[in-house]
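Take a look at the structure set out below.
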Amino acid sequence: MTDQELVMLAKEAMEHAYVPYSHFKVGAALLAKDGTVFKGCNIENASYGATNCAERTAIFKAVSEGYREFDAIAIVASSGDYASPCGICRQVLFEFLPDGKVILDSDEKGMVTYLVRELLPFGFSSKDIK
């Protein structure tokens, strides 16, 4: 699957976002090592702390289906600009695809790609639990 195809799937996912408060839609498409794609969107809640980001929605869907190994995730936002993962999402990404690719897309600026380790260089892992 190409990066552009993954971005298009993230845009499809974005359309399902539940954002009655911020009106800021985010979509994500997570590519498993076997080629399966899991889509996720952000889901807001009146109690903002209960809101879930698109990235975590996609990852949690995949993990709940028994998947544990991933290659990449594409993330898009309704603003048309880059939507970099928040700190919590970076940590969850680090748990499941520390060497994976994060593809961000902007309608005006195009695509940029980072490794999860670049976004969270000192991520907390099982090696830190002693």
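By order in the structure tokens, chains are A, B, ...; within a chain, residues start at 1; ligands start at 1, following the order shown.
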Determine, for each residue of stretch 9-73 of chain A having at least one atom at most 7 Å from an atom of stretch 98-111 of chain A, the closest pair of atoms and their separation in Å to one decimal, counting only C-alpha atoms; order by chain and ascending number, as a Markdown table.
| residue | atom | partner | partner_atom | distance |
| --- | --- | --- | --- | --- |
| A:Phe70 | CA | A:Gly100 | CA | 6.9 |
| A:Asp71 | CA | A:Gly100 | CA | 4.9 |
| A:Ala72 | CA | A:Lys101 | CA | 4.4 |
| A:Ile73 | CA | A:Val102 | CA | 5.1 |
Mind checking which residues fall within 7 Å of A:Ala17, counting only C-alpha atoms, ignoring those fewer than 2 positions away in the same chain, and posting them as a short mmCIF file (atom, residue, chain, number, x, y, z; two decimals) with C-alpha atoms, in the first residue's frame?
data_model
loop_
_atom_site.label_atom_id
_atom_site.label_comp_id
_atom_site.auth_asym_id
_atom_site.auth_seq_id
_atom_site.Cartn_x
_atom_site.Cartn_y
_atom_site.Cartn_z
CA MET A 14 -12.10 11.49 9.23
CA GLU A 15 -15.64 11.77 7.87
CA VAL A 19 -16.72 16.44 17.04
CA LYS A 25 -12.12 16.28 12.58
CA VAL A 26 -9.14 13.92 12.56
CA CYS A 41 -11.48 8.98 13.95
CA ASN A 42 -11.52 11.30 16.92
CA ILE A 43 -14.50 10.95 19.25
#
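Among the candidates A:Lys61, A:Ala13, A:Tyr67, A:Gln4, the one nearest to A:Ala32 when counting only C-alpha atoms is A:Tyr67.
Omitting stretch 84-91 of chain A and its sequence neighbours fewer than 5 positions away, and counting only C-alpha atoms, the residues within 8 Å are Cys53, Glu55, Arg56, Ile75, Leu104, Val116, Leu119, Leu120, Gly123 and Phe124 of chain A.
Between atom CA of A:Phe122 and atom CA of A:Val76 there is a distance of 24.8 Å.
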(message) Can you pull out every residue from chain A that DSSP, working from the backbone, puts in helix (DSSP H, G or I), and format the result as a VMD selection string?
(response) chain A and resid 3 to 14 48 to 50 54 to 64 87 to 96 116 to 119 126 to 128
(message) Just list as a ChimeraX atom specification whatever in stretch 21-127 of chain A DSSP marks as strand (DSSP E).
(response) /A:26-32,37-41,70-77,101-106,110-115
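With distances restricted to only C-alpha atoms, A:Phe38 is the closest residue to A:Ser64 from A:Phe38, A:Pro20, A:Leu31, A:Leu9.
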